[in-house]
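Engineer: See structure_33.cif below, with mmCIF, C-alpha atoms.
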data_coords
#
loop_
_atom_site.label_atom_id
_atom_site.label_comp_id
_atom_site.auth_asym_id
_atom_site.auth_seq_id
_atom_site.Cartn_x
_atom_site.Cartn_y
_atom_site.Cartn_z
CA MET A 548 -17.99 -41.45 -22.21
CA ALA A 549 -16.15 -41.04 -25.51
CA ASP A 550 -18.48 -38.30 -26.71
CA SER A 551 -18.64 -36.69 -23.21
CA ARG A 552 -22.42 -37.02 -23.35
CA THR A 553 -24.05 -40.42 -23.66
CA LEU A 554 -23.66 -43.63 -21.70
CA GLU A 555 -23.77 -45.64 -24.92
CA THR A 556 -20.25 -44.40 -25.75
CA ILE A 557 -18.68 -45.37 -22.43
CA ASP A 558 -15.06 -46.49 -22.85
CA THR A 559 -13.85 -46.88 -19.28
CA THR A 560 -11.61 -49.85 -20.08
CA GLU A 561 -9.61 -47.68 -22.50
CA VAL A 562 -8.93 -44.96 -19.93
CA VAL A 563 -5.96 -44.90 -17.54
CA PRO A 564 -7.35 -42.80 -14.66
CA VAL A 565 -5.50 -40.37 -12.42
CA ASP A 566 -7.51 -41.16 -9.29
CA LEU A 567 -7.17 -44.97 -9.40
CA ASN A 568 -3.44 -44.88 -10.11
CA SER A 569 -2.86 -42.35 -7.34
CA LEU A 570 -4.69 -44.56 -4.86
CA LEU A 571 -2.72 -47.62 -6.01
CA PHE A 572 0.50 -45.65 -5.48
CA GLY A 573 -0.64 -44.83 -1.96
CA LEU A 574 -1.53 -48.48 -1.32
CA GLU A 575 1.85 -49.70 -2.60
CA GLN A 576 3.59 -47.26 -0.29
CA ALA A 577 1.43 -48.38 2.64
CA ILE A 578 2.21 -52.05 1.99
CA SER A 579 5.93 -51.25 1.78
CA ALA A 580 5.77 -49.38 5.10
CA GLY A 581 3.86 -52.26 6.71
CA CYS A 582 6.46 -54.74 5.51
CA GLU A 583 9.20 -52.54 6.95
CA ARG A 584 7.49 -52.65 10.34
CA ILE A 585 7.55 -56.44 10.40
CA HIS A 586 11.11 -56.52 9.00
CA ASP A 587 10.12 -58.20 5.74
CA GLN A 588 12.72 -56.49 3.59
CA GLY A 589 11.90 -58.39 0.41
CA CYS A 590 8.28 -57.31 0.53
CA ALA A 591 9.26 -53.73 1.44
CA ARG A 592 11.63 -53.50 -1.53
CA GLU A 593 9.11 -55.00 -3.93
CA PHE A 594 6.32 -52.59 -3.10
CA SER A 595 8.65 -49.62 -2.84
CA LEU A 596 9.78 -50.44 -6.38
CA ARG A 597 6.18 -50.82 -7.54
CA ALA A 598 5.34 -47.39 -6.10
CA ALA A 599 8.39 -45.80 -7.74
CA GLN A 600 7.51 -47.32 -11.11
CA ARG A 601 3.91 -46.15 -10.83
CA HIS A 602 5.06 -42.66 -9.83
CA ALA A 603 7.26 -42.49 -12.93
CA ALA A 604 4.40 -43.74 -15.14
CA ILE A 605 1.99 -41.18 -13.70
CA ASP A 606 4.45 -38.39 -14.39
CA ARG A 607 5.01 -39.68 -17.91
CA TYR A 608 1.45 -40.40 -18.99
CA LEU A 609 -0.88 -38.44 -16.71
CA TRP A 610 0.95 -35.20 -15.89
CA ASP A 611 0.23 -32.57 -18.54
CA GLU A 612 2.94 -29.94 -18.39
CA PRO A 613 1.22 -27.33 -20.61
CA ARG A 614 -2.00 -27.51 -18.59
CA GLY A 615 -0.29 -27.84 -15.21
CA ALA A 616 -2.69 -30.63 -14.25
CA TYR A 617 -3.04 -34.38 -14.07
CA LEU A 618 -5.30 -35.72 -16.82
CA ASP A 619 -6.62 -39.18 -17.64
CA TYR A 620 -4.95 -41.03 -20.53
CA GLN A 621 -6.75 -42.70 -23.43
CA ARG A 622 -4.56 -45.70 -24.16
CA ARG A 623 -6.14 -46.68 -27.50
CA GLU A 624 -5.44 -43.25 -28.96
CA GLY A 625 -2.28 -42.66 -26.93
CA VAL A 626 -3.36 -39.19 -25.77
CA ARG A 627 -4.38 -37.49 -22.55
CA LEU A 628 -8.05 -36.66 -22.32
CA ARG A 629 -8.53 -32.91 -22.47
CA HIS A 630 -11.28 -32.68 -19.83
CA LEU A 631 -10.15 -31.42 -16.43
CA SER A 632 -11.73 -33.06 -13.38
CA ALA A 633 -11.32 -33.17 -9.62
CA ALA A 634 -9.23 -36.33 -10.16
CA THR A 635 -6.30 -33.94 -10.66
CA LEU A 636 -6.31 -33.55 -6.85
CA TYR A 637 -5.55 -37.19 -6.04
CA PRO A 638 -1.76 -37.02 -6.55
CA LEU A 639 -1.65 -34.30 -3.89
CA PHE A 640 -3.80 -36.38 -1.55
CA VAL A 641 -1.31 -39.27 -1.66
CA SER A 642 1.76 -36.96 -1.64
CA LEU A 643 2.83 -38.05 -5.11
CA ALA A 644 3.07 -34.58 -6.67
CA SER A 645 6.21 -32.47 -6.49
CA GLU A 646 6.04 -29.04 -4.87
CA SER A 647 6.05 -27.46 -8.33
CA GLN A 648 3.30 -29.72 -9.60
CA ALA A 649 1.19 -29.02 -6.52
CA ARG A 650 1.51 -25.25 -7.04
CA ARG A 651 0.42 -25.58 -10.64
CA VAL A 652 -2.53 -27.79 -9.72
CA ALA A 653 -3.56 -25.17 -7.16
CA THR A 654 -3.54 -22.52 -9.88
CA VAL A 655 -5.67 -24.64 -12.20
CA VAL A 656 -8.12 -25.58 -9.46
CA LYS A 657 -8.59 -21.94 -8.40
CA ALA A 658 -9.17 -20.90 -12.01
CA ASP A 659 -11.40 -23.74 -13.17
CA LEU A 660 -12.80 -26.02 -10.45
CA LEU A 661 -13.35 -23.75 -7.44
CA ARG A 662 -16.95 -22.59 -7.18
CA ALA A 663 -18.97 -20.68 -4.63
CA GLY A 664 -19.96 -23.94 -2.95
CA GLY A 665 -16.74 -25.93 -3.18
CA ILE A 666 -14.97 -28.01 -5.81
CA VAL A 667 -17.02 -28.97 -8.86
CA THR A 668 -16.32 -32.48 -10.11
CA THR A 669 -15.90 -31.64 -13.81
CA LEU A 670 -16.56 -28.73 -16.14
CA LEU A 671 -19.06 -30.72 -18.21
CA GLU A 672 -22.83 -30.47 -17.79
CA THR A 673 -24.09 -33.80 -19.09
CA GLY A 674 -26.90 -34.59 -16.67
CA GLN A 675 -24.74 -37.34 -15.16
CA GLN A 676 -24.13 -37.25 -11.42
CA TRP A 677 -20.31 -37.11 -11.61
CA ASP A 678 -20.36 -33.96 -13.75
CA ALA A 679 -21.14 -30.29 -13.13
CA PRO A 680 -22.78 -28.78 -11.18
CA ASN A 681 -22.29 -31.52 -8.61
CA GLY A 682 -19.78 -31.61 -5.78
CA TRP A 683 -19.16 -34.64 -3.57
CA ALA A 684 -17.94 -34.70 0.02
CA PRO A 685 -15.01 -37.11 -0.49
CA LEU A 686 -13.63 -34.95 -3.29
CA GLN A 687 -13.80 -31.86 -1.05
CA TRP A 688 -11.82 -33.73 1.60
CA ILE A 689 -9.26 -34.94 -0.95
CA ALA A 690 -8.84 -31.32 -2.03
CA VAL A 691 -8.55 -29.92 1.50
CA ALA A 692 -6.19 -32.63 2.76
CA GLY A 693 -4.08 -32.51 -0.38
CA PHE A 694 -3.63 -28.74 -0.38
CA ARG A 695 -2.93 -28.70 3.36
CA SER A 696 -0.10 -31.21 2.87
CA TYR A 697 1.51 -28.86 0.33
CA GLN A 698 1.09 -25.72 2.45
CA GLN A 699 -1.67 -24.34 0.22
CA THR A 700 -3.50 -23.50 3.42
CA ARG A 701 -5.61 -20.54 2.27
CA LEU A 702 -6.98 -22.49 -0.67
CA ALA A 703 -7.71 -25.51 1.54
CA GLU A 704 -9.56 -23.31 4.03
CA SER A 705 -11.54 -21.61 1.29
CA ILE A 706 -12.70 -24.95 -0.13
CA ALA A 707 -13.67 -26.14 3.34
CA CYS A 708 -15.72 -23.04 4.16
CA ARG A 709 -17.49 -23.00 0.80
CA TRP A 710 -18.44 -26.65 1.16
CA MET A 711 -19.70 -26.21 4.73
CA LEU A 712 -21.77 -23.22 3.61
CA THR A 713 -23.43 -25.32 0.89
CA VAL A 714 -24.18 -28.22 3.22
CA MET A 715 -25.59 -25.88 5.88
CA ARG A 716 -27.80 -24.02 3.42
CA VAL A 717 -29.36 -27.24 2.17
CA TYR A 718 -29.74 -28.51 5.73
CA ARG A 719 -31.55 -25.34 6.82
CA SER A 720 -34.03 -25.67 3.97
CA SER A 721 -34.53 -29.44 4.01
CA GLY A 722 -33.46 -30.73 7.42
CA LYS A 723 -31.23 -33.26 5.66
CA LEU A 724 -27.65 -34.05 4.79
CA VAL A 725 -27.52 -35.56 1.33
CA GLU A 726 -25.22 -37.53 -0.95
CA LYS A 727 -24.12 -34.71 -3.27
CA TYR A 728 -24.67 -30.97 -3.72
CA ASP A 729 -24.94 -28.34 -6.43
CA VAL A 730 -21.79 -26.31 -5.73
CA ILE A 731 -22.68 -23.64 -8.26
CA ALA A 732 -26.13 -22.79 -6.90
CA THR A 733 -24.95 -23.57 -3.31
CA ASP A 734 -28.49 -23.89 -1.94
CA ARG A 735 -29.74 -27.18 -3.34
CA LYS A 736 -28.83 -30.83 -3.46
CA GLY A 737 -27.11 -32.33 -6.46
CA GLY A 738 -28.87 -34.43 -9.04
CA GLY A 739 -28.62 -36.31 -12.30
CA GLY A 740 -27.47 -39.81 -13.00
CA GLU A 741 -29.39 -43.07 -12.79
CA TYR A 742 -31.01 -42.86 -9.35
CA PRO A 743 -32.47 -40.18 -7.03
CA THR A 744 -30.11 -38.24 -4.78
CA GLN A 745 -29.83 -40.17 -1.52
CA ASP A 746 -30.50 -38.78 1.95
CA GLY A 747 -28.06 -39.40 4.77
CA PHE A 748 -25.19 -39.49 4.13
CA GLY A 749 -22.08 -41.16 5.55
CA TRP A 750 -19.37 -39.33 3.69
CA THR A 751 -21.16 -35.99 3.98
CA ASN A 752 -21.48 -36.50 7.73
CA GLY A 753 -17.84 -37.56 8.15
CA VAL A 754 -16.34 -34.78 6.06
CA MET A 755 -18.47 -32.13 7.77
CA ARG A 756 -17.41 -33.35 11.21
CA LYS A 757 -13.75 -33.25 10.22
CA LEU A 758 -13.95 -29.79 8.64
CA MET A 759 -15.82 -28.37 11.63
CA VAL A 760 -13.00 -29.52 13.90
CA LEU A 761 -10.26 -28.23 11.61
CA TYR A 762 -11.90 -24.86 10.88
CA PRO A 763 -14.08 -23.66 13.78
CA ALA A 764 -13.97 -20.03 12.65
CA ASP A 765 -15.07 -20.97 9.16
CA THR A 766 -17.80 -23.18 10.62
CA ALA A 767 -19.17 -20.10 12.37
CA ALA A 768 -18.82 -18.05 9.18
CA ALA A 769 -20.64 -20.68 7.13
CA SER A 770 -23.37 -20.84 9.76
CA ALA A 771 -23.77 -17.09 9.28
CA ASP A 772 -24.09 -17.73 5.52
CA GLN A 773 -20.80 -16.22 4.48
CA CYS A 774 -17.18 -17.25 3.96
CA PRO A 775 -14.03 -15.14 4.10
CA LYS A 776 -12.93 -14.09 0.62
CA THR A 777 -9.60 -15.89 0.83
CA GLU A 778 -9.64 -17.01 -2.81
CA ASP A 779 -11.55 -15.96 -5.89
CA ALA A 780 -14.15 -18.33 -7.29
CA ASN A 781 -15.79 -18.44 -10.70
#
In structure tokens, write the structure found in this file.
Structural biologist:
Amino acid sequence: MADSRTLETIDTTEVVPVDLNSLLFGLEQAISAGCERIHDQGCAREFSLRAAQRHAAIDRYLWDEPRGAYLDYQRREGVRLRHLSAATLYPLFVSLASESQARRVATVVKADLLRAGGIVTTLLETGQQWDAPNGWAPLQWIAVAGFRSYQQTRLAESIACRWMLTVMRVYRSSGKLVEKYDVIATDRKGGGGEYPTQDGFGWTNGVMRKLMVLYPADTAAASADQCPKTEDAN
């Protein structure tokens, strides 16, 4: 939304997003690797080149050196959008970031996006579901997996425990796993947007199962309603 507030100003088609381009980079790499396996060298070279070109474009247009974060780009104005979001984690998830970039993203995430209940999606409170105070299971997994791949293990573990604590608190009070959570309050489901928060929920279930396997000690800590103070949160 151009004014960061109202749906009437939506300008999605003018925005070059970090998350989509990171996923396309990962897909291009996967296609190249698949072509290598079947000895189709022409295909492998083509998609390897596509991935390399996209990597260079992401570094040019989406990496913001002063902020130390990946930011979306407004192509009509030719500027990066100033609002930080959890999309900055996607280049780590697909192993696109350099070691230096990953360290700087970790610093920004700890300072601005890490909350008592996990990673908040944005810093804006607009009443829309993809803004604060909401956190979403797939974004927690992207954060955990991305930081683990760059040896930011304490931060990854802290995010995992905080998220499990939030999910468990809401489950104890409601008997439900839900679509999204308030990661600032940590004891209630998320809200906002154009439809009621959904019960279930596939990605919440899947991410919880994965985190419980990866971090059994933190699962026990979250069950006891506390997480180790491995990282500071706002």
Engineer: Can you give me, as a count of residues only, the residues this file yields under the PyMOL selection byres ((chain A and resi 619-633) around 6)?
Structural biologist: 12
Engineer: Applied to the shown file, which residues does the PyMOL selection byres ((chain A and resi 734) around 10) return, written as number ranges by chain?
Structural biologist: A: 664, 712-720, 728-733, 735-737
Engineer: Quick one: residues within 9 Å of Arg592 of chain A, only C-alpha atoms, excluding same-chain residues fewer than 3 positions away - as a CSV table (one decimal) with C-alpha atoms, keeping the file's coordinate frame?
Structural biologist:
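Now in part-v5.csv:
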chain,number,residue,atom,x,y,z
A,579,SER,CA,5.9,-51.2,1.8
A,582,CYS,CA,6.5,-54.7,5.5
A,583,GLU,CA,9.2,-52.5,7.0
A,587,ASP,CA,10.1,-58.2,5.7
A,588,GLN,CA,12.7,-56.5,3.6
A,589,GLY,CA,11.9,-58.4,0.4
A,595,SER,CA,8.6,-49.6,-2.8
A,596,LEU,CA,9.8,-50.4,-6.4
A,597,ARG,CA,6.2,-50.8,-7.5
Engineer: Which of these, A:Phe640, A:Tyr608, A:Tyr617, A:Phe748, has the shortest distance to Phe572 of chain A once you count only C-alpha atoms?
Structural biologist: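 Of A:Phe640, A:Tyr608, A:Tyr617, A:Phe748, the one nearest Phe572 of chain A, counting only C-alpha atoms, is A:Phe640.
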Engineer: Take atom CA of Pro613 of chain A and atom CA of Ala679 of chain A and report the distance between them in Å, one decimal.
Structural biologist: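 Computing it gives 23.8 Å between the two atoms.
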Engineer: Residues within 12 Å of (-16.0, -40.6, 6.5), file coordinates, counting all atoms listed in the file: what are they? Give the list as number ranges by chain.
Structural biologist: A: 684-689, 748-758
Engineer: Apply the PyMOL selection byres ((chain A and resi 672) around 12) to the displayed file and report the matching residues as a list in words.
Structural biologist: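 Here the PyMOL selection byres ((chain A and resi 672) around 12) matches Ser551, Arg552, Thr553, His630, Val667, Thr668, Thr669, Leu670, Leu671, Thr673, Gly674, Gln675, Gln676, Trp677, Asp678, Ala679, Pro680, Asn681, Asp729, Ile731, Gly738, Gly739 and Gly740 of chain A.
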Engineer: Under the rule that all atoms listed in the file are counted, which of A:Ala599, A:Ala616, A:Ala653, A:Leu724 is the nearest residue to Arg701 of chain A?
Structural biologist: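 Selected residue with least distance to Arg701 of chain A: A:Ala653.
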Engineer: Of the residues A:Glu555, A:Glu593, A:Glu704, A:Asp746, which is the one nearest to Cys774 of chain A, using all atoms listed in the file?
Structural biologist: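 The answer is A:Glu704, which sits nearest to Cys774 of chain A.
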Engineer: Record the distance separating atom CA of Ala577 of chain A and atom CA of Tyr637 of chain A, expressed in Å with one decimal.
Structural biologist: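 If I compute the distance from atom CA of Ala577 of chain A to atom CA of Tyr637 of chain A, I get 15.8 Å.
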Engineer: Write out as a list in words which residues come within 8 Å of Ile706 of chain A when counting only C-alpha atoms, dropping same-chain ones fewer than 5 positions away.
Structural biologist: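 The filter keeps Leu661, Gly664, Gly665, Ile666, Gln687, Ala690 and Val691 of chain A.
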Engineer: So, counting all atoms listed in the file, which residue among A:His602, A:Ser696, A:Leu554, A:Glu726 is closest to Glu741 of chain A?
Structural biologist: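 Closest candidate: A:Leu554.
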Engineer: Could you jot down the atom CA of Ile578 of chain A to atom CA of Val652 of chain A separation for me, Å, one decimal place?
Structural biologist: 27.4 Å
Engineer: If you take every atom of segment 574-587 of chain A that the file lists and fit an axis-aligned box around them with 3 Å extra on each side, what centre and edge lengths come out in Å to one decimal, as lines of an AutoDock Vina configuration file?
Structural biologist:
center_x = 4.8
center_y = -52.7
center_z = 3.9
size_x = 18.6
size_y = 16.9
size_z = 19.0
